[in-house]
Amino acid sequence: MSIQITPAKKLFTLHTAHTSYQMWADERGILHHLYYGPAIGDDDLRPTEFYSDCGFSPNPAGVEVRDYSLDTMSQEYTGCGVGDYRISCLSVSNPDGSPLADLRYVDAKVLPGKYALPGLPASFDGDDDCQTLQITLKDAVTGLTVILLYGVFEKADFITRAALIQNGGDAPMQLHKAASACLDLPFGKWELIHFHGRHCMERQPERAPLPFAVQTLRSARGASSHHHNPFAILAAPHTTEDAGDCLGAMLVYSGNFKIECEVSQLHSTRLVAGISDDDFTWTLAPGETFTTPEVLFSYTTNGLGELSRQYHRFLQHSVIRSSWKERPRPILINNWEATYMNFDGERIYAIAKQAHELGVEMMVLDDGWFGERVDDSSGLGDWWVNEEKLGCSLSDLIARIRGLGMQFGIWIEPEMVCYGTKLYAEHPEWVLSAPGRTPATGRSQLVLDMGRKDVVDYLYGIFSALLRDNDISYIKWDMNRNITDLFSRALPAGRQGEAAHRYMLGLYDLLERLTTQFPDVLFEGCSGGGGRFDAGMLHYFPQIWCSDDTDPIQRLKIQYGTSFGYPPCSMGSHVSASPNHQTGRHTPLSTRAVVAMAGAFGYELDLGLLSDEEKAQIRTQIETCRQLQPLLIDGRYDRLTDAMTDTYFTAWQFTAPDASRAAVSLVVVDPKPTPWPIHITLKGLDPEAHYRDSRTGKVYTGAALCHAGLTLPILAGDYTAVQILLDRVDPE
Ligand code: GLA
C-alpha cells in the first residue's frame, strides 16, 4: 500500500519505491509535516521531544504550553495570521475583513487512482498504480475548508500535491494567496538550484546555499517566462550529478507563479509553491471552490542526474498526453530563419523540395502566411490565408508539399492581436486593457483576454476549422509577448485580481478542446522560443521550441539547463545557418547537427545555399538522427560535463533502457594550445557487457568505459564536435 494511515495516531505515511513522506495530525488538529526523504519503512516519526520555547513565537489560543507554536512547527499547509510568521500558503479576507485562517484537521480518505484538477493540466496514472490521499482541514470560525490532495506514484517515486480551497461560510470571502503546497524540511542544510534567464538565453542553472532569508522565484509576466522557470531543486551541499540527496518541486502551471524558500530562525527550510499572489485576488462565494495548480515532488539520494531522469520519465509517462510522446518526431524544415516573412508559395515549395531531396519529412510554414502580415507590426488576429502573398491557396500549397511525400505544419499565435486588424476593429474589448489608458505593446502586439469565454470560443472556431479544412500534421503555437495592462472588460472592478489566472484557465480550455479534437496533430509550444517551457504546456504539447537562440554553442547551456527538469525529446532544436543569426558566430554544420540532435530535431535555414558536400552531410545527419531518436524517447540521459563551468568541452550521453546502445556527443567550446587530453567517463552502461566504439571500432567493457573512460584525439579548430555510438557486441 502506498498510503498508510494509522487512525489511532492520525499518522499518514506515503510510500514510493525509494522514498517516504510522513504527516501527523496532533490532538489540537495541527497537521505536522514529519519527513520527506529516503524510504524509512513503517517507522513512526512523531517527535518525543517538542520544540523549545521560542521567544516571540506565539501559542495558539487555548494552548498553555509555551513551547507549542505554529511559528516553529513543520506543517503541511499553513493558515494565515494566527502565529506562523514564515511565508504562508494562504492570505484571506474573511467576510468580516479579518485576515485570519486557522486550519485544523477534519478527516482523511484514500481514493483509488489519481485525482484530477478541473480546468487545469495535471499528472495522470499511466502504467503506475497511483493512489490519492485527501486530507481536509478547516477553520472553525469561518468554515473555510482546505482539501489537500496527494497523488502517490509508487513506481515513479513521485508525490504530487494540490489544494482545493472552499468557502464553507455563508458570505463571500477573498483569497489573496492560495498556494498549491508547502514543504517544510525540519532538518538539513539545502542549496537552491533554479533556472533563470532571458529571451534567447533561457534556463541557466544557478546554485547557492539558502540564506536565512526568503528567496523568491517568480513570474509576473502572464507566462511562466524566459526569466524564471517554475521548477526548483533543493540539494544537500555536496550533491553531485551522481550522488547525494536532492528533491525537485515543479509546478504544472504556465502563468504567474511563485516558488518561495525560507530558512527559519530554527534552521528549518520551508518551500511554498503556487500561483503568484502578486496582483491576485479571487472572490469565493459561499460553497465555491478554488482549485490550485499541481506541484510535482520527487526525491532521490542518487544525485542530480537521477533526479532529472525521474522527472524525464514522469513527464513522459504521466504528464504529457500526446500520443507523439512515444513516437520519433518527423524531421522538419522550418522556413523562419530561411526567409523570415519574406516568402511566397513558390519559395516555400522550393525549400520543401530541396529539403525533401535530402531526407527531411515535414515542411513547417512559420509566421507571415495570414492577414496583412507584412512584418511583425501587423496582421495577428486576422487568420485568413493571404493568398495574394502566397500566390496560391493554402490547400494548394499543402497539396504540392504533400505531393512530394512530405507532411505539412504551420505556425499560429492565437492569443494575440495587432492594431489595424479586422479582429481588433470588431472587438477592441477583447484586448486586455483598462478604460482610459492605451495599453503597452510588445512586438507591436496586444494580448487577447483569454479569460473570456467568447474569445476562447471564437479562437476554437478559427483554429479547429484551420485543422479540419487542411491537411495539417503539426502546429507551432507561439506567444510572442508578455502581459501588461491586466484588466478584463468582462470582469467587474472588484474581480480584476482574477484576470491573470482566468487567462490561464481560458488558454487551457482552448488547448484541451483542440488537442483532444485533433489527437494526431503534433503540437509544438513556443513563446519567443522557451518563454513558456513548463509542465503545464507539456501536458498538451509534447515538445516546445527551446529557445529563439539557435547558436549551437549557446544552446549547449540552454539545453543543459533545460535538461534538469525536462526530457530532451521535449526540446525543439534546429540546425540553422552559419554565421548564426542571433550571435553572428561561425560553427561547423556537423556541430550544429550534433547539438540539435539532443532534442526534437529539424532544420531552419535555406538548404539551397549549401554546397554539395554540405548537402551530403545533411543526408548522413538525418540517418544518424533516425538512429538516435529511439534513445531520446525512452533512453536514459546523462550530463557528462557541467556546461556552465567546464569551459573546454561539453558532453552528454543517451543510453537505451536495456543498455544495449549508447550515444555520446561532445562539443569543444574552447580549443586549447598545448591541449590536455579530452577524456570522458561514460555512465549507465552494463559493466559486464562489451561495447564497440563506432569511431575506432575498438571493443571495451561497460566497466572500462564507465571507469577508465575514453580519451579522444585532440580536436582542434572552431567548435569541433564528435558523436560516438556504442553498440553492445558479443565478446570477441
Ligand atoms: C517567435 C518564435 C520564432 C518564430 C517567430 C515568428 O519568435 O520563437 O521561432 O516563429 O516568433 O514571428
# chains A, B, ... in the order shown; residues from 1 in each chain; ligands from 1

$ residues_near_ligand --ligand "ligand 1" --cutoff "9 Å" --atoms "only C-alpha atoms and all ligand atoms" --output "PDB file with C-alpha atoms, in the first residue's frame"
ATOM      1  CA  ASN A 334      11.062  25.440 -40.773  1.00  0.00           C
ATOM      2  CA  TRP A 336      11.612  31.135 -40.292  1.00  0.00           C
ATOM      3  CA  GLU A 337      15.382  31.705 -40.294  1.00  0.00           C
ATOM      4  CA  TYR A 340      11.512  35.391 -42.103  1.00  0.00           C
ATOM      5  CA  MET A 341       8.283  36.882 -43.519  1.00  0.00           C
ATOM      6  CA  ASP A 366       6.193  29.847 -39.984  1.00  0.00           C
ATOM      7  CA  ASP A 367       4.866  33.352 -39.310  1.00  0.00           C
ATOM      8  CA  GLY A 368       3.562  35.568 -42.128  1.00  0.00           C
ATOM      9  CA  ASP A 375       6.135  42.416 -40.869  1.00  0.00           C
ATOM     10  CA  ASP A 376       5.797  41.829 -37.150  1.00  0.00           C
ATOM     11  CA  TRP A 411       2.685  28.486 -37.187  1.00  0.00           C
ATOM     12  CA  ILE A 412      -0.090  30.227 -35.258  1.00  0.00           C
ATOM     13  CA  GLU A 413      -0.240  32.759 -32.430  1.00  0.00           C
ATOM     14  CA  LYS A 476       3.647  25.611 -33.746  1.00  0.00           C
ATOM     15  CA  TRP A 477       1.716  27.587 -31.115  1.00  0.00           C
ATOM     16  CA  ASP A 478       3.505  30.828 -30.307  1.00  0.00           C
ATOM     17  CA  MET A 479       3.074  33.636 -27.746  1.00  0.00           C
ATOM     18  CA  ASN A 480       5.416  36.486 -28.526  1.00  0.00           C
ATOM     19  CA  CYS A 526       6.619  28.279 -28.248  1.00  0.00           C
ATOM     20  CA  SER A 527       6.827  31.688 -26.662  1.00  0.00           C
ATOM     21  CA  GLY A 528       9.608  33.624 -28.344  1.00  0.00           C
ATOM     22  CA  GLY A 529      11.480  30.321 -28.006  1.00  0.00           C
ATOM     23  CA  GLY A 530      11.276  28.895 -24.490  1.00  0.00           C
ATOM     24  CA  GLY A 531       9.274  31.587 -22.674  1.00  0.00           C
ATOM     25  CA  TRP A 545      10.704  25.314 -29.083  1.00  0.00           C
ATOM     26  CA  CYS A 546      13.555  25.514 -26.590  1.00  0.00           C
ATOM     27  CA  SER A 547      14.940  28.950 -27.479  1.00  0.00           C
ATOM     28  CA  ASP A 548      14.978  31.559 -30.230  1.00  0.00           C
ATOM     29  CA  ASP A 549      18.751  31.311 -29.874  1.00  0.00           C
TER      30      ASP A 549
END

$ select_by_dssp --residues "region 502-624 of chain A" --states "strand (DSSP E)" --output "ChimeraX atom specification"
/A:522-525,543-545,571-576,600-604

$ closest_residue --among "A:Gly391, A:Gly151, A:Gly41, A:Gly143" --to "Val110 (chain A)" --atoms "only C-alpha atoms"
A:Gly151

$ residues_around --residues "region 81-91 of chain A" --least-positions-apart "5" --cutoff "8 Å" --atoms "only C-alpha atoms" --output "short mmCIF file (atom, residue, chain, number, x, y, z; two decimals) with C-alpha atoms, in the first residue's frame"
data_model
loop_
_atom_site.label_atom_id
_atom_site.label_comp_id
_atom_site.auth_asym_id
_atom_site.auth_seq_id
_atom_site.Cartn_x
_atom_site.Cartn_y
_atom_site.Cartn_z
CA SER A 57 6.71 32.80 18.74
CA PRO A 58 3.12 32.88 19.99
CA ASN A 59 0.99 30.00 21.23
CA PRO A 60 -2.36 29.23 19.62
CA SER A 69 3.89 27.43 18.48
CA LEU A 70 2.83 27.34 14.84
CA ASP A 71 5.84 29.55 14.18
CA THR A 72 8.27 26.75 14.95
CA PRO A 99 -7.17 38.26 7.50
CA LEU A 100 -7.16 35.02 9.52
CA ALA A 101 -7.36 31.32 8.83
CA ASP A 102 -6.62 28.70 11.48
CA LEU A 175 -8.28 34.77 -1.37
CA HIS A 176 -5.18 36.91 -1.84
CA LYS A 177 -2.83 33.95 -1.82
CA ALA A 178 -3.66 30.31 -2.47
CA ALA A 179 -0.53 28.21 -2.72
CA SER A 180 -0.57 24.68 -4.04
CA ALA A 181 1.75 23.18 -1.45
CA CYS A 182 4.16 23.82 1.37
CA VAL A 214 13.23 34.44 1.85
CA GLU A 260 9.47 30.74 -2.25
CA GLU A 262 12.75 30.41 3.66
CA SER A 264 13.72 29.89 9.66
CA ARG A 270 10.18 25.92 4.01
CA VAL A 272 5.94 27.19 -0.80
#

$ residues_around --residues "region 569-585 of chain A" --least-positions-apart "5" --cutoff "6 Å" --atoms "only C-alpha atoms" --output "list of chain:residue names"
A:Pro542, A:Gln543, A:Ile544, A:Trp545, A:Cys546, A:Asp551, A:Arg592, A:Ala593, A:Ala596, A:Gly599, A:Ala600, A:Phe601, A:Gly602, A:Tyr603, A:Glu604, A:Leu605, A:Leu632, A:Ile633

$ write_last_selection --atoms "N, CA and C atoms" --output "PDB file, in the first residue's frame"
ATOM      1  N   PRO A 542       3.745  17.886 -26.731  1.00  0.00           N
ATOM      2  CA  PRO A 542       4.855  17.002 -26.345  1.00  0.00           C
ATOM      3  C   PRO A 542       6.222  17.637 -26.536  1.00  0.00           C
ATOM      4  N   GLN A 543       6.270  18.779 -27.228  1.00  0.00           N
ATOM      5  CA  GLN A 543       7.567  19.448 -27.400  1.00  0.00           C
ATOM      6  C   GLN A 543       7.361  20.955 -27.435  1.00  0.00           C
ATOM      7  N   ILE A 544       8.422  21.675 -27.095  1.00  0.00           N
ATOM      8  CA  ILE A 544       8.370  23.141 -27.018  1.00  0.00           C
ATOM      9  C   ILE A 544       9.651  23.664 -27.646  1.00  0.00           C
ATOM     10  N   TRP A 545       9.525  24.700 -28.472  1.00  0.00           N
ATOM     11  CA  TRP A 545      10.704  25.314 -29.083  1.00  0.00           C
ATOM     12  C   TRP A 545      11.557  25.874 -27.946  1.00  0.00           C
ATOM     13  N   CYS A 546      12.791  25.332 -27.834  1.00  0.00           N
ATOM     14  CA  CYS A 546      13.555  25.514 -26.590  1.00  0.00           C
ATOM     15  C   CYS A 546      14.062  26.944 -26.427  1.00  0.00           C
ATOM     16  N   ASP A 551      22.116  29.447 -31.919  1.00  0.00           N
ATOM     17  CA  ASP A 551      23.575  29.291 -31.898  1.00  0.00           C
ATOM     18  C   ASP A 551      23.911  28.025 -31.108  1.00  0.00           C
ATOM     19  N   ARG A 592      26.502  21.926 -35.428  1.00  0.00           N
ATOM     20  CA  ARG A 592      25.108  22.370 -35.290  1.00  0.00           C
ATOM     21  C   ARG A 592      24.169  21.162 -35.228  1.00  0.00           C
ATOM     22  N   ALA A 593      24.459  20.139 -36.023  1.00  0.00           N
ATOM     23  CA  ALA A 593      23.596  18.957 -36.040  1.00  0.00           C
ATOM     24  C   ALA A 593      23.741  18.146 -34.751  1.00  0.00           C
ATOM     25  N   ALA A 596      21.698  19.901 -32.182  1.00  0.00           N
ATOM     26  CA  ALA A 596      20.245  19.824 -32.425  1.00  0.00           C
ATOM     27  C   ALA A 596      19.720  18.405 -32.213  1.00  0.00           C
ATOM     28  N   GLY A 599      17.721  17.098 -29.139  1.00  0.00           N
ATOM     29  CA  GLY A 599      16.331  17.497 -28.922  1.00  0.00           C
ATOM     30  C   GLY A 599      15.478  17.031 -30.082  1.00  0.00           C
ATOM     31  N   ALA A 600      14.254  17.604 -30.184  1.00  0.00           N
ATOM     32  CA  ALA A 600      13.366  17.279 -31.318  1.00  0.00           C
ATOM     33  C   ALA A 600      13.945  18.002 -32.534  1.00  0.00           C
ATOM     34  N   PHE A 601      14.508  17.210 -33.441  1.00  0.00           N
ATOM     35  CA  PHE A 601      15.461  17.690 -34.451  1.00  0.00           C
ATOM     36  C   PHE A 601      14.779  18.286 -35.682  1.00  0.00           C
ATOM     37  N   GLY A 602      15.420  19.311 -36.239  1.00  0.00           N
ATOM     38  CA  GLY A 602      14.941  19.864 -37.506  1.00  0.00           C
ATOM     39  C   GLY A 602      15.968  20.815 -38.087  1.00  0.00           C
ATOM     40  N   TYR A 603      15.607  21.394 -39.235  1.00  0.00           N
ATOM     41  CA  TYR A 603      16.466  22.370 -39.914  1.00  0.00           C
ATOM     42  C   TYR A 603      15.708  23.677 -40.026  1.00  0.00           C
ATOM     43  N   GLU A 604      16.456  24.776 -40.012  1.00  0.00           N
ATOM     44  CA  GLU A 604      15.825  26.094 -40.104  1.00  0.00           C
ATOM     45  C   GLU A 604      16.779  27.033 -40.833  1.00  0.00           C
ATOM     46  N   LEU A 605      17.009  26.758 -42.101  1.00  0.00           N
ATOM     47  CA  LEU A 605      17.922  27.564 -42.919  1.00  0.00           C
ATOM     48  C   LEU A 605      17.608  27.278 -44.377  1.00  0.00           C
ATOM     49  N   LEU A 632      16.317   8.996 -27.543  1.00  0.00           N
ATOM     50  CA  LEU A 632      15.795  10.239 -26.967  1.00  0.00           C
ATOM     51  C   LEU A 632      14.434  10.029 -26.333  1.00  0.00           C
ATOM     52  N   ILE A 633      13.650   9.159 -26.944  1.00  0.00           N
ATOM     53  CA  ILE A 633      12.269   8.984 -26.480  1.00  0.00           C
ATOM     54  C   ILE A 633      12.236   8.255 -25.135  1.00  0.00           C
TER      55      ILE A 633
END

$ select_by_dssp --residues "region 116-312 of chain A" --states "helix (DSSP H, G or I)" --output "number ranges by chain"
A: 303-312

$ closest_residue --among "A:Asp170, A:Asp26, A:Asp449, A:Asp157" --to "Asp96 (chain A)" --atoms "only C-alpha atoms"
A:Asp170

$ closest_residue --among "A:Asp469, A:Asp670, A:Asp139, A:Asp184" --to "Gly168 (chain A)" --atoms "only C-alpha atoms"
A:Asp139

$ atom_distance --atom1 "CA of Pro657 (chain A)" --atom2 "CA of Asp534 (chain A)"
25.1 Å
